[in-house]
Each structure stands twice: as structure tokens, then as C-alpha cells.
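Undergrad: Below you'll find work-v2.pdb; it's PDB, C-alpha atoms.
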```
ATOM      1  CA  MET X 252     -11.381 -15.855  10.874  1.00  0.00           C
ATOM      2  CA  ALA X 253      -8.529 -16.152   8.374  1.00  0.00           C
ATOM      3  CA  ILE X 254      -7.767 -13.199   6.120  1.00  0.00           C
ATOM      4  CA  VAL X 255      -4.870 -12.879   3.701  1.00  0.00           C
ATOM      5  CA  VAL X 256      -4.172  -9.557   1.977  1.00  0.00           C
ATOM      6  CA  GLN X 257      -1.497  -8.856  -0.596  1.00  0.00           C
ATOM      7  CA  LEU X 258      -0.569  -6.000  -2.903  1.00  0.00           C
ATOM      8  CA  VAL X 259       1.787  -7.165  -5.623  1.00  0.00           C
ATOM      9  CA  ALA X 260       3.624  -5.362  -8.427  1.00  0.00           C
ATOM     10  CA  ARG X 261       3.768  -8.468 -10.645  1.00  0.00           C
ATOM     11  CA  PRO X 262       1.290 -10.859 -12.239  1.00  0.00           C
ATOM     12  CA  ILE X 263      -1.008 -12.563  -9.746  1.00  0.00           C
ATOM     13  CA  LEU X 264      -0.233 -16.274  -9.411  1.00  0.00           C
ATOM     14  CA  PRO X 265      -2.671 -19.051  -8.442  1.00  0.00           C
ATOM     15  CA  GLU X 266      -0.684 -19.750  -5.294  1.00  0.00           C
ATOM     16  CA  ASP X 267      -1.234 -16.128  -4.192  1.00  0.00           C
ATOM     17  CA  TRP X 268      -4.943 -16.643  -3.671  1.00  0.00           C
ATOM     18  CA  LYS X 269      -5.683 -20.346  -3.762  1.00  0.00           C
ATOM     19  CA  LEU X 270      -7.851 -21.472  -0.880  1.00  0.00           C
ATOM     20  CA  VAL X 271      -8.532 -25.142  -0.237  1.00  0.00           C
ATOM     21  CA  PRO X 272     -11.817 -25.645   1.621  1.00  0.00           C
ATOM     22  CA  ASP X 273     -11.417 -27.570   4.830  1.00  0.00           C
ATOM     23  CA  GLY X 274     -13.868 -30.204   5.979  1.00  0.00           C
ATOM     24  CA  SER X 275     -16.321 -27.634   7.323  1.00  0.00           C
ATOM     25  CA  GLU X 276     -16.387 -25.478   4.198  1.00  0.00           C
ATOM     26  CA  GLY X 277     -18.725 -26.543   1.416  1.00  0.00           C
ATOM     27  CA  ALA X 278     -18.309 -23.440  -0.739  1.00  0.00           C
ATOM     28  CA  LEU X 279     -15.386 -21.735  -2.424  1.00  0.00           C
ATOM     29  CA  VAL X 280     -16.131 -18.615  -4.476  1.00  0.00           C
ATOM     30  CA  THR X 281     -13.449 -16.865  -6.508  1.00  0.00           C
ATOM     31  CA  PHE X 282     -13.535 -13.607  -8.437  1.00  0.00           C
ATOM     32  CA  ALA X 283     -10.922 -12.245 -10.813  1.00  0.00           C
ATOM     33  CA  GLY X 284     -11.141  -8.708 -12.153  1.00  0.00           C
ATOM     34  CA  HIS X 285      -9.292  -8.391 -15.454  1.00  0.00           C
ATOM     35  CA  VAL X 286      -8.155  -5.335 -17.390  1.00  0.00           C
ATOM     36  CA  ARG X 287     -10.359  -4.820 -20.430  1.00  0.00           C
ATOM     37  CA  GLY X 288      -9.083  -3.662 -23.802  1.00  0.00           C
ATOM     38  CA  THR X 289     -11.122  -0.465 -23.748  1.00  0.00           C
ATOM     39  CA  GLU X 290     -11.349   2.374 -21.262  1.00  0.00           C
ATOM     40  CA  SER X 291     -13.994   5.064 -21.735  1.00  0.00           C
ATOM     41  CA  GLY X 292     -14.494   3.782 -25.267  1.00  0.00           C
ATOM     42  CA  ASN X 293     -10.816   3.993 -26.228  1.00  0.00           C
ATOM     43  CA  ALA X 294      -8.534   1.063 -26.973  1.00  0.00           C
ATOM     44  CA  ILE X 295      -5.821   0.567 -24.373  1.00  0.00           C
ATOM     45  CA  THR X 296      -2.972  -1.835 -23.754  1.00  0.00           C
ATOM     46  CA  ALA X 297      -2.783  -1.562 -19.973  1.00  0.00           C
ATOM     47  CA  LEU X 298      -3.926   0.243 -16.851  1.00  0.00           C
ATOM     48  CA  GLU X 299      -1.580   1.649 -14.241  1.00  0.00           C
ATOM     49  CA  TYR X 300      -2.580   1.303 -10.597  1.00  0.00           C
ATOM     50  CA  GLU X 301      -1.302   3.247  -7.617  1.00  0.00           C
ATOM     51  CA  ALA X 302      -1.921   2.399  -3.973  1.00  0.00           C
ATOM     52  CA  TYR X 303      -1.384   4.011  -0.605  1.00  0.00           C
ATOM     53  CA  ALA X 304      -0.071   0.608   0.311  1.00  0.00           C
ATOM     54  CA  PRO X 305      -0.043   0.579   4.126  1.00  0.00           C
ATOM     55  CA  MET X 306      -3.565   1.963   4.351  1.00  0.00           C
ATOM     56  CA  ALA X 307      -4.862  -0.115   1.435  1.00  0.00           C
ATOM     57  CA  GLU X 308      -3.714  -3.311   3.129  1.00  0.00           C
ATOM     58  CA  GLN X 309      -5.208  -2.191   6.422  1.00  0.00           C
ATOM     59  CA  GLU X 310      -8.533  -1.280   4.794  1.00  0.00           C
ATOM     60  CA  LEU X 311      -8.690  -4.546   2.850  1.00  0.00           C
ATOM     61  CA  ARG X 312      -8.155  -6.461   6.065  1.00  0.00           C
ATOM     62  CA  ARG X 313     -10.730  -4.413   7.969  1.00  0.00           C
ATOM     63  CA  ILE X 314     -13.355  -4.716   5.243  1.00  0.00           C
ATOM     64  CA  ALA X 315     -12.712  -8.432   4.849  1.00  0.00           C
ATOM     65  CA  GLY X 316     -13.248  -8.950   8.557  1.00  0.00           C
ATOM     66  CA  GLU X 317     -16.486  -7.002   8.520  1.00  0.00           C
ATOM     67  CA  CYS X 318     -17.837  -8.828   5.462  1.00  0.00           C
ATOM     68  CA  LEU X 319     -16.904 -12.280   6.738  1.00  0.00           C
ATOM     69  CA  ALA X 320     -18.580 -11.568  10.064  1.00  0.00           C
ATOM     70  CA  LYS X 321     -21.682  -9.986   8.566  1.00  0.00           C
ATOM     71  CA  HIS X 322     -22.343 -12.817   6.136  1.00  0.00           C
ATOM     72  CA  GLY X 323     -21.084 -15.719   8.213  1.00  0.00           C
ATOM     73  CA  ALA X 324     -18.393 -16.716   5.739  1.00  0.00           C
ATOM     74  CA  GLY X 325     -15.183 -18.467   6.707  1.00  0.00           C
ATOM     75  CA  ARG X 326     -12.000 -17.196   5.080  1.00  0.00           C
ATOM     76  CA  LEU X 327     -11.044 -14.545   2.531  1.00  0.00           C
ATOM     77  CA  THR X 328      -7.951 -13.984   0.450  1.00  0.00           C
ATOM     78  CA  VAL X 329      -7.454 -10.894  -1.707  1.00  0.00           C
ATOM     79  CA  VAL X 330      -4.581 -10.013  -4.008  1.00  0.00           C
ATOM     80  CA  HIS X 331      -4.498  -6.642  -5.781  1.00  0.00           C
ATOM     81  CA  ARG X 332      -1.912  -5.474  -8.265  1.00  0.00           C
ATOM     82  CA  THR X 333      -0.094  -2.154  -8.399  1.00  0.00           C
ATOM     83  CA  GLY X 334       1.879  -0.675 -11.266  1.00  0.00           C
ATOM     84  CA  VAL X 335       1.175  -1.452 -14.901  1.00  0.00           C
ATOM     85  CA  VAL X 336      -1.328  -4.266 -15.566  1.00  0.00           C
ATOM     86  CA  PRO X 337      -1.610  -5.283 -19.240  1.00  0.00           C
ATOM     87  CA  VAL X 338      -4.956  -5.962 -20.878  1.00  0.00           C
ATOM     88  CA  GLY X 339      -6.149  -9.471 -20.121  1.00  0.00           C
ATOM     89  CA  GLU X 340      -4.288  -9.822 -16.834  1.00  0.00           C
ATOM     90  CA  SER X 341      -5.929  -9.861 -13.421  1.00  0.00           C
ATOM     91  CA  ALA X 342      -5.870  -6.621 -11.460  1.00  0.00           C
ATOM     92  CA  VAL X 343      -7.534  -8.238  -8.455  1.00  0.00           C
ATOM     93  CA  VAL X 344      -8.397 -11.745  -7.331  1.00  0.00           C
ATOM     94  CA  VAL X 345     -10.557 -12.591  -4.323  1.00  0.00           C
ATOM     95  CA  ALA X 346     -11.399 -15.989  -2.873  1.00  0.00           C
ATOM     96  CA  VAL X 347     -13.949 -16.655  -0.127  1.00  0.00           C
ATOM     97  CA  THR X 348     -14.900 -19.879   1.634  1.00  0.00           C
ATOM     98  CA  SER X 349     -17.934 -20.668   3.722  1.00  0.00           C
ATOM     99  CA  ALA X 350     -19.978 -23.594   4.930  1.00  0.00           C
ATOM    100  CA  HIS X 351     -22.733 -22.861   2.410  1.00  0.00           C
ATOM    101  CA  ARG X 352     -22.910 -21.151  -0.989  1.00  0.00           C
ATOM    102  CA  LYS X 353     -25.009 -18.110  -0.141  1.00  0.00           C
ATOM    103  CA  ALA X 354     -22.724 -16.825   2.592  1.00  0.00           C
ATOM    104  CA  ALA X 355     -19.656 -16.898   0.359  1.00  0.00           C
ATOM    105  CA  LEU X 356     -21.472 -15.264  -2.570  1.00  0.00           C
ATOM    106  CA  ALA X 357     -22.915 -12.510  -0.381  1.00  0.00           C
ATOM    107  CA  CYS X 358     -19.573 -11.905   1.304  1.00  0.00           C
ATOM    108  CA  MET X 359     -17.820 -11.673  -2.055  1.00  0.00           C
ATOM    109  CA  ASP X 360     -20.341  -9.189  -3.441  1.00  0.00           C
ATOM    110  CA  ALA X 361     -20.191  -6.976  -0.363  1.00  0.00           C
ATOM    111  CA  PHE X 362     -16.408  -7.104  -0.193  1.00  0.00           C
ATOM    112  CA  LEU X 363     -15.977  -6.038  -3.821  1.00  0.00           C
ATOM    113  CA  ASP X 364     -18.398  -3.147  -3.365  1.00  0.00           C
ATOM    114  CA  ARG X 365     -16.482  -1.949  -0.322  1.00  0.00           C
ATOM    115  CA  LEU X 366     -13.132  -2.381  -2.045  1.00  0.00           C
ATOM    116  CA  LYS X 367     -14.248  -0.074  -4.835  1.00  0.00           C
ATOM    117  CA  GLN X 368     -15.624   2.433  -2.346  1.00  0.00           C
ATOM    118  CA  ASP X 369     -13.045   2.615   0.432  1.00  0.00           C
ATOM    119  CA  VAL X 370      -9.660   1.130  -0.411  1.00  0.00           C
ATOM    120  CA  PRO X 371      -7.044   3.728  -1.432  1.00  0.00           C
ATOM    121  CA  ILE X 372      -6.091   2.243  -4.773  1.00  0.00           C
ATOM    122  CA  TRP X 373      -6.383   4.201  -7.994  1.00  0.00           C
ATOM    123  CA  LYS X 374      -6.296   3.585 -11.709  1.00  0.00           C
ATOM    124  CA  ILE X 375      -4.016   6.495 -12.451  1.00  0.00           C
ATOM    125  CA  ARG X 376      -3.823   6.163 -16.210  1.00  0.00           C
ATOM    126  CA  ALA X 377      -4.669   4.044 -19.209  1.00  0.00           C
ATOM    127  CA  LEU X 378      -1.820   3.265 -21.560  1.00  0.00           C
ATOM    128  CA  PRO X 379      -2.929   3.700 -25.163  1.00  0.00           C
ATOM    129  CA  GLY X 380       0.154   2.316 -26.891  1.00  0.00           C
ATOM    130  CA  ASP X 381       3.007  -0.039 -26.118  1.00  0.00           C
ATOM    131  CA  GLU X 382       3.965   1.902 -23.038  1.00  0.00           C
ATOM    132  CA  ARG X 383       4.396  -0.812 -20.461  1.00  0.00           C
ATOM    133  CA  GLY X 384       6.939  -0.177 -17.772  1.00  0.00           C
ATOM    134  CA  ALA X 385       7.587  -0.051 -14.104  1.00  0.00           C
ATOM    135  CA  GLY X 386       4.918   1.304 -11.794  1.00  0.00           C
ATOM    136  CA  ARG X 387       5.110   4.781 -10.328  1.00  0.00           C
ATOM    137  CA  ALA X 388       6.784   5.086  -6.983  1.00  0.00           C
ATOM    138  CA  CYS X 389       4.394   5.838  -4.132  1.00  0.00           C
ATOM    139  CA  PRO X 390       4.949   7.427  -0.726  1.00  0.00           C
ATOM    140  CA  ASP X 391       5.846   4.562   1.596  1.00  0.00           C
TER
ATOM    141  CA  MET P 298       2.615  16.733  10.182  1.00  0.00           C
ATOM    142  CA  ARG P 299       3.445  14.665   7.134  1.00  0.00           C
ATOM    143  CA  LEU P 300       0.990  15.133   4.288  1.00  0.00           C
ATOM    144  CA  LEU P 301       0.732  12.583   1.448  1.00  0.00           C
ATOM    145  CA  PHE P 302      -0.695  13.294  -1.995  1.00  0.00           C
ATOM    146  CA  PHE P 303      -2.022  10.727  -4.435  1.00  0.00           C
ATOM    147  CA  HIS P 304      -3.273  10.551  -8.000  1.00  0.00           C
ATOM    148  CA  THR P 305      -5.054  13.786  -9.021  1.00  0.00           C
ATOM    149  CA  LEU P 306      -3.804  15.725  -6.022  1.00  0.00           C
ATOM    150  CA  ARG P 307      -0.229  14.701  -6.651  1.00  0.00           C
ATOM    151  CA  GLU P 308      -0.616  15.774 -10.262  1.00  0.00           C
ATOM    152  CA  TYR P 309      -2.127  19.104  -9.233  1.00  0.00           C
ATOM    153  CA  THR P 310       0.522  19.917  -6.625  1.00  0.00           C
ATOM    154  CA  GLY P 311       3.500  18.193  -8.207  1.00  0.00           C
ATOM    155  CA  THR P 312       4.179  16.946  -4.697  1.00  0.00           C
ATOM    156  CA  VAL P 313       4.298  13.479  -3.183  1.00  0.00           C
ATOM    157  CA  VAL P 314       4.993  14.340   0.461  1.00  0.00           C
ATOM    158  CA  LEU P 315       4.818  17.700   2.240  1.00  0.00           C
ATOM    159  CA  GLY P 316       5.770  18.569   5.796  1.00  0.00           C
ATOM    160  CA  LEU P 317       3.458  21.049   7.520  1.00  0.00           C
ATOM    161  CA  ASP P 318       4.563  22.676  10.754  1.00  0.00           C
ATOM    162  CA  LEU P 319       1.658  22.831  13.188  1.00  0.00           C
ATOM    163  CA  SER P 320       1.996  24.598  16.490  1.00  0.00           C
ATOM    164  CA  SER P 321      -1.221  23.000  17.740  1.00  0.00           C
ATOM    165  CA  PRO P 322      -3.882  20.551  16.512  1.00  0.00           C
ATOM    166  CA  ILE P 323      -6.195  21.738  13.739  1.00  0.00           C
ATOM    167  CA  PRO P 324      -9.478  20.315  12.420  1.00  0.00           C
ATOM    168  CA  ALA P 325      -8.960  18.089   9.382  1.00  0.00           C
ATOM    169  CA  ALA P 326     -10.881  20.527   7.174  1.00  0.00           C
ATOM    170  CA  GLY P 327      -8.327  23.184   8.097  1.00  0.00           C
ATOM    171  CA  VAL P 328      -5.699  21.428   6.042  1.00  0.00           C
ATOM    172  CA  TRP P 329      -7.301  22.924   2.931  1.00  0.00           C
ATOM    173  CA  VAL P 330      -6.686  26.433   4.278  1.00  0.00           C
ATOM    174  CA  GLU P 331      -3.026  25.594   4.778  1.00  0.00           C
ATOM    175  CA  LEU P 332      -2.760  24.023   1.336  1.00  0.00           C
ATOM    176  CA  GLU P 333      -4.571  26.833  -0.458  1.00  0.00           C
ATOM    177  CA  ARG P 334      -1.703  29.160   0.496  1.00  0.00           C
ATOM    178  CA  ARG P 335       0.779  26.880  -1.206  1.00  0.00           C
ATOM    179  CA  PHE P 336      -1.350  25.553  -4.057  1.00  0.00           C
ATOM    180  CA  PRO P 337      -3.976  28.130  -5.021  1.00  0.00           C
ATOM    181  CA  GLY P 338      -7.161  26.501  -6.269  1.00  0.00           C
ATOM    182  CA  ILE P 339      -6.587  23.182  -4.546  1.00  0.00           C
ATOM    183  CA  SER P 340      -9.716  23.640  -2.456  1.00  0.00           C
ATOM    184  CA  ARG P 341     -11.760  22.677  -5.497  1.00  0.00           C
ATOM    185  CA  PHE P 342     -10.831  19.078  -4.646  1.00  0.00           C
ATOM    186  CA  ALA P 343     -12.057  19.281  -1.046  1.00  0.00           C
ATOM    187  CA  SER P 344     -15.619  18.125  -1.675  1.00  0.00           C
ATOM    188  CA  THR P 345     -14.499  14.882  -3.316  1.00  0.00           C
ATOM    189  CA  THR P 346     -11.442  14.143  -1.183  1.00  0.00           C
ATOM    190  CA  ARG P 347     -11.430  12.075   1.999  1.00  0.00           C
ATOM    191  CA  ILE P 348      -8.823  12.591   4.681  1.00  0.00           C
ATOM    192  CA  ALA P 349      -7.004   9.771   6.446  1.00  0.00           C
ATOM    193  CA  ARG P 350      -5.089  10.262   9.682  1.00  0.00           C
ATOM    194  CA  ASN P 351      -2.495   7.624  10.443  1.00  0.00           C
ATOM    195  CA  ARG P 352      -4.100   5.365   7.823  1.00  0.00           C
ATOM    196  CA  GLU P 353      -7.709   5.654   8.976  1.00  0.00           C
ATOM    197  CA  TYR P 354     -10.461   7.793   7.496  1.00  0.00           C
ATOM    198  CA  ILE P 355     -11.578  10.703   9.665  1.00  0.00           C
ATOM    199  CA  GLY P 356     -14.223  13.386   9.489  1.00  0.00           C
ATOM    200  CA  PRO P 357     -13.700  17.102   8.753  1.00  0.00           C
ATOM    201  CA  GLY P 358     -13.963  18.042  12.422  1.00  0.00           C
ATOM    202  CA  ASP P 359     -11.479  15.485  13.708  1.00  0.00           C
ATOM    203  CA  LEU P 360      -8.172  16.927  14.823  1.00  0.00           C
ATOM    204  CA  LEU P 361      -4.795  16.655  13.134  1.00  0.00           C
ATOM    205  CA  SER P 362      -1.750  16.821  15.369  1.00  0.00           C
ATOM    206  CA  PRO P 363       1.869  17.695  14.601  1.00  0.00           C
ATOM    207  CA  GLY P 364       3.064  14.080  14.539  1.00  0.00           C
ATOM    208  CA  ASP P 365       0.309  12.716  12.320  1.00  0.00           C
ATOM    209  CA  GLU P 366       0.659  11.156   8.888  1.00  0.00           C
ATOM    210  CA  VAL P 367      -2.189  12.616   6.879  1.00  0.00           C
ATOM    211  CA  ALA P 368      -3.244  11.402   3.448  1.00  0.00           C
ATOM    212  CA  LEU P 369      -5.554  13.164   1.042  1.00  0.00           C
ATOM    213  CA  ILE P 370      -7.572  10.428  -0.645  1.00  0.00           C
ATOM    214  CA  PRO P 371      -9.182  11.307  -3.989  1.00  0.00           C
ATOM    215  CA  PRO P 372     -12.079   9.084  -5.140  1.00  0.00           C
ATOM    216  CA  VAL P 373     -10.702   5.555  -5.271  1.00  0.00           C
ATOM    217  CA  SER P 374     -10.868   3.286  -8.326  1.00  0.00           C
ATOM    218  CA  GLY P 375      -9.344  -0.035  -7.421  1.00  0.00           C
ATOM    219  CA  GLY P 376     -10.616  -3.402  -8.559  1.00  0.00           C
TER
END
```
Is it possible to express this structure as C-alpha cells?
TA:
Amino acid sequence: MAIVVQLVARPILPEDWKLVPDGSEGALVTFAGHVRGTESGNAITALEYEAYAPMAEQELRRIAGECLAKHGAGRLTVVHRTGVVPVGESAVVVAVTSAHRKAALACMDAFLDRLKQDVPIWKIRALPGDERGAGRACPD
Amino acid sequence: MRLLFFHTLREYTGTVVLGLDLSSPIPAAGVWVELERRFPGISRFASTTRIARNREYIGPGDLLSPGDEVALIPPVSGG
């Protein structure tokens, strides 16, 4: 069971998450969560994310393992940003492979639900103007 | 014990990391009693905050020991 987890404080690149199905994998499902231009009805230019990085990486890995096993999927890669993420850029990208379509789709859905429920990452503020800068320092 | 604050709890306390001297293990829920002395009113966050010990979620009755790294985890919002 192959799992790759990354937290990055820069734009997510295709090579961060790209999975190439091997000969046994007939399905590759990808999901990218992008920052929208409105938050709670107000126009924004960016969201700022904070993570308890060591635990977030550990939780992502644990949840990925559980979801892959439960749904019989093959491999999962997840990349999540920290710091300031401008509108239109990806805050998270997930890729899942499996032998057949349904396993990868179910694994992806379950993994994203668990990510939003259990992984210590927070949207700490929405930036209303041109206020893009470095992310806030976190413990560890 | 090393106590880490994030997001709303960091804003409320103005603190990122706090050292708490424990003479013996305490239940996780007891951390709110200790914190209330330093940050009056902080207990209002207890019902929505999860506690992690050494990077794993624990329950309110699980014990915290002097060498533990303890994080107070407000409702998460990643993704």
C-alpha cells in the first residue's frame, strides 16, 4: 500500500501528486480543492492555512491507509498547502489509484470526508484585499 | 508537559507554546482547570476542542504525563 503525504508552503505542482497507474490499476481518480473568490458571502483574494504539521502528516497517512484498505484501492497521494493560498490556486490535491473505478471513487470520497473531520489543518483567515504574504509560523 | 495552541485558542491566549509543570499524570480534561487559572474563560472552548497527546487524539479521561506534547485542536477546516 503506497501512500505519499506532503504539506507544502508553495503552489502545488503536478509532479507533487502525479500518479501513473501500473499494469494492475485501471483507475486513477484525482481531486483538486481550489480557493474560491468568496468566503461567507464576502469577496476575498486568498485564504491562509495553518497546520499542526507533524500530526497533520501522521493523520493524513493514517486516514489514507484506512481508506485504501476499506475500499480496496491501491495507492494514494495527498498534497495540502499551508500559508497563504490565493484565489484560484489549489489548497489540496489528492490522487487515488485502484484496479476498478468504484474503489478509487469511494476511497477518494471517504478520504476527503475524514480529512475535513480529523486532520489538524485550519483556515485561519480570509484575506479581503491584496494582503498576500508569508504564512504564519506554527509550533514545530 | 508542553502545550501547543492553534488557531482560535492561540488567538485567545496569545500563546503558541506553554510549559506546564505536572508533578503527576492528570486526566486530559484536567488541562482546562490548569488553563483556566492562566486564561480565565478559556473553558468555553472545551466542548469543541479535541486534545492530542504526542500527536494522537485522546479522550477526556486519558492521562497526560509530564513529558507529553499536548495539542489543543479546535474544529479543523482543512481541504
Undergrad: Pick out the closest residue to Arg332 of chain X from this set: X:Glu266, X:Asp369, X:Glu301, X:Asp364. Count only C-alpha atoms.
TA: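 Checking each candidate against Arg332 of chain X, we get X:Glu301 as the closest.
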Undergrad: Within 12 Å of chain X, which residues of chain P show up? Give each one with its shortest atom-to-atom distance in Å (one decimal) and the two atoms involved, counting only C-alpha atoms, rows by chain then rising residue number, as a Markdown table.
TA:
```
| residue | atom | partner | partner_atom | distance |
| --- | --- | --- | --- | --- |
| P:Arg299 | CA | X:Pro390 | CA | 10.8 |
| P:Leu300 | CA | X:Pro390 | CA | 10.0 |
| P:Leu301 | CA | X:Pro390 | CA | 7.0 |
| P:Phe302 | CA | X:Pro390 | CA | 8.2 |
| P:Phe303 | CA | X:Tyr303 | CA | 7.8 |
| P:His304 | CA | X:Ile375 | CA | 6.1 |
| P:Thr305 | CA | X:Ile375 | CA | 8.1 |
| P:Leu306 | CA | X:Ile375 | CA | 11.3 |
| P:Arg307 | CA | X:Cys389 | CA | 10.3 |
| P:Glu308 | CA | X:Ile375 | CA | 10.1 |
| P:Thr312 | CA | X:Pro390 | CA | 10.3 |
| P:Val313 | CA | X:Pro390 | CA | 6.6 |
| P:Val314 | CA | X:Pro390 | CA | 7.0 |
| P:Leu315 | CA | X:Pro390 | CA | 10.7 |
| P:Thr346 | CA | X:Pro371 | CA | 11.3 |
| P:Arg347 | CA | X:Asp369 | CA | 9.7 |
| P:Ile348 | CA | X:Pro371 | CA | 10.9 |
| P:Ala349 | CA | X:Met306 | CA | 8.8 |
| P:Arg350 | CA | X:Met306 | CA | 10.0 |
| P:Asn351 | CA | X:Met306 | CA | 8.4 |
| P:Arg352 | CA | X:Met306 | CA | 4.9 |
| P:Glu353 | CA | X:Met306 | CA | 7.2 |
| P:Tyr354 | CA | X:Asp369 | CA | 9.1 |
| P:Glu366 | CA | X:Met306 | CA | 11.1 |
| P:Val367 | CA | X:Met306 | CA | 11.0 |
| P:Ala368 | CA | X:Tyr303 | CA | 8.6 |
| P:Leu369 | CA | X:Pro371 | CA | 9.9 |
| P:Ile370 | CA | X:Pro371 | CA | 6.8 |
| P:Pro371 | CA | X:Pro371 | CA | 8.3 |
| P:Pro372 | CA | X:Trp373 | CA | 8.0 |
| P:Val373 | CA | X:Trp373 | CA | 5.3 |
| P:Ser374 | CA | X:Trp373 | CA | 4.6 |
| P:Gly375 | CA | X:Ile372 | CA | 4.8 |
| P:Gly376 | CA | X:Val343 | CA | 5.7 |
```
Undergrad: For a test of reading the model, state the distance in Å between atom CA of His322 of chain X and atom CA of Ala355 of chain X, rounded to one decimal.
TA: 7.6 Å
Undergrad: What would the selection look like, as a list in words, if the PyMOL selection byres ((chain P and resi 335) around 12) were run on the coordinates I just shared?
TA: Tyr309, Thr310, Gly311, Thr312, Leu315, Gly316, Leu317, Val328, Trp329, Val330, Glu331, Leu332, Glu333, Arg334, Phe336, Pro337, Gly338, Ile339 and Ser340 of chain P
Undergrad: Can you spit out the residues from that selection as a compact mmCIF listing (two decimals), in the frame of the given file, using C-alpha atoms?
TA:
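Just written: again-v5.txt:
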```txt
# COMPACT_ATOMS: atom_id res chain seq x y z
CA TYR P 309 -2.13 19.10 -9.23
CA THR P 310 0.52 19.92 -6.62
CA GLY P 311 3.50 18.19 -8.21
CA THR P 312 4.18 16.95 -4.70
CA LEU P 315 4.82 17.70 2.24
CA GLY P 316 5.77 18.57 5.80
CA LEU P 317 3.46 21.05 7.52
CA VAL P 328 -5.70 21.43 6.04
CA TRP P 329 -7.30 22.92 2.93
CA VAL P 330 -6.69 26.43 4.28
CA GLU P 331 -3.03 25.59 4.78
CA LEU P 332 -2.76 24.02 1.34
CA GLU P 333 -4.57 26.83 -0.46
CA ARG P 334 -1.70 29.16 0.50
CA PHE P 336 -1.35 25.55 -4.06
CA PRO P 337 -3.98 28.13 -5.02
CA GLY P 338 -7.16 26.50 -6.27
CA ILE P 339 -6.59 23.18 -4.55
CA SER P 340 -9.72 23.64 -2.46
```
Undergrad: Can you tell me how far atom CA of Ala325 of chain P sits from atom CA of Ser362 of chain P, in Å to one decimal?
TA: 9.5 Å
Undergrad: Write out N, CA and C atoms for segment 363-375 of chain P, as a PDB file, in the coordinates of the input.
TA:
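Dumped everything to out08.pdb:
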```
ATOM      1  N   PRO P 363       0.569  17.528  15.266  1.00  0.00           N
ATOM      2  CA  PRO P 363       1.869  17.695  14.601  1.00  0.00           C
ATOM      3  C   PRO P 363       2.539  16.400  14.165  1.00  0.00           C
ATOM      4  N   GLY P 364       2.373  15.320  14.900  1.00  0.00           N
ATOM      5  CA  GLY P 364       3.064  14.080  14.539  1.00  0.00           C
ATOM      6  C   GLY P 364       2.300  13.177  13.593  1.00  0.00           C
ATOM      7  N   ASP P 365       1.153  13.594  13.131  1.00  0.00           N
ATOM      8  CA  ASP P 365       0.309  12.716  12.320  1.00  0.00           C
ATOM      9  C   ASP P 365       0.813  12.542  10.891  1.00  0.00           C
ATOM     10  N   GLU P 366       0.527  11.364  10.326  1.00  0.00           N
ATOM     11  CA  GLU P 366       0.659  11.156   8.888  1.00  0.00           C
ATOM     12  C   GLU P 366      -0.738  11.315   8.305  1.00  0.00           C
ATOM     13  N   VAL P 367      -0.873  12.283   7.424  1.00  0.00           N
ATOM     14  CA  VAL P 367      -2.189  12.616   6.879  1.00  0.00           C
ATOM     15  C   VAL P 367      -2.164  12.391   5.375  1.00  0.00           C
ATOM     16  N   ALA P 368      -3.163  11.662   4.892  1.00  0.00           N
ATOM     17  CA  ALA P 368      -3.244  11.402   3.448  1.00  0.00           C
ATOM     18  C   ALA P 368      -4.519  12.008   2.896  1.00  0.00           C
ATOM     19  N   LEU P 369      -4.394  12.653   1.767  1.00  0.00           N
ATOM     20  CA  LEU P 369      -5.554  13.164   1.042  1.00  0.00           C
ATOM     21  C   LEU P 369      -5.935  12.101   0.016  1.00  0.00           C
ATOM     22  N   ILE P 370      -7.154  11.593   0.136  1.00  0.00           N
ATOM     23  CA  ILE P 370      -7.572  10.428  -0.645  1.00  0.00           C
ATOM     24  C   ILE P 370      -8.608  10.856  -1.680  1.00  0.00           C
ATOM     25  N   PRO P 371      -8.199  11.026  -2.928  1.00  0.00           N
ATOM     26  CA  PRO P 371      -9.182  11.307  -3.989  1.00  0.00           C
ATOM     27  C   PRO P 371     -10.094  10.089  -4.179  1.00  0.00           C
ATOM     28  N   PRO P 372     -11.200  10.236  -4.910  1.00  0.00           N
ATOM     29  CA  PRO P 372     -12.079   9.084  -5.140  1.00  0.00           C
ATOM     30  C   PRO P 372     -11.276   7.876  -5.627  1.00  0.00           C
ATOM     31  N   VAL P 373     -11.518   6.733  -4.977  1.00  0.00           N
ATOM     32  CA  VAL P 373     -10.702   5.555  -5.271  1.00  0.00           C
ATOM     33  C   VAL P 373     -11.266   4.818  -6.488  1.00  0.00           C
ATOM     34  N   SER P 374     -10.438   3.979  -7.102  1.00  0.00           N
ATOM     35  CA  SER P 374     -10.868   3.286  -8.326  1.00  0.00           C
ATOM     36  C   SER P 374     -10.152   1.953  -8.484  1.00  0.00           C
ATOM     37  N   GLY P 375      -9.979   1.268  -7.354  1.00  0.00           N
ATOM     38  CA  GLY P 375      -9.344  -0.035  -7.421  1.00  0.00           C
ATOM     39  C   GLY P 375     -10.299  -1.100  -7.953  1.00  0.00           C
TER      40      GLY P 375
END
```
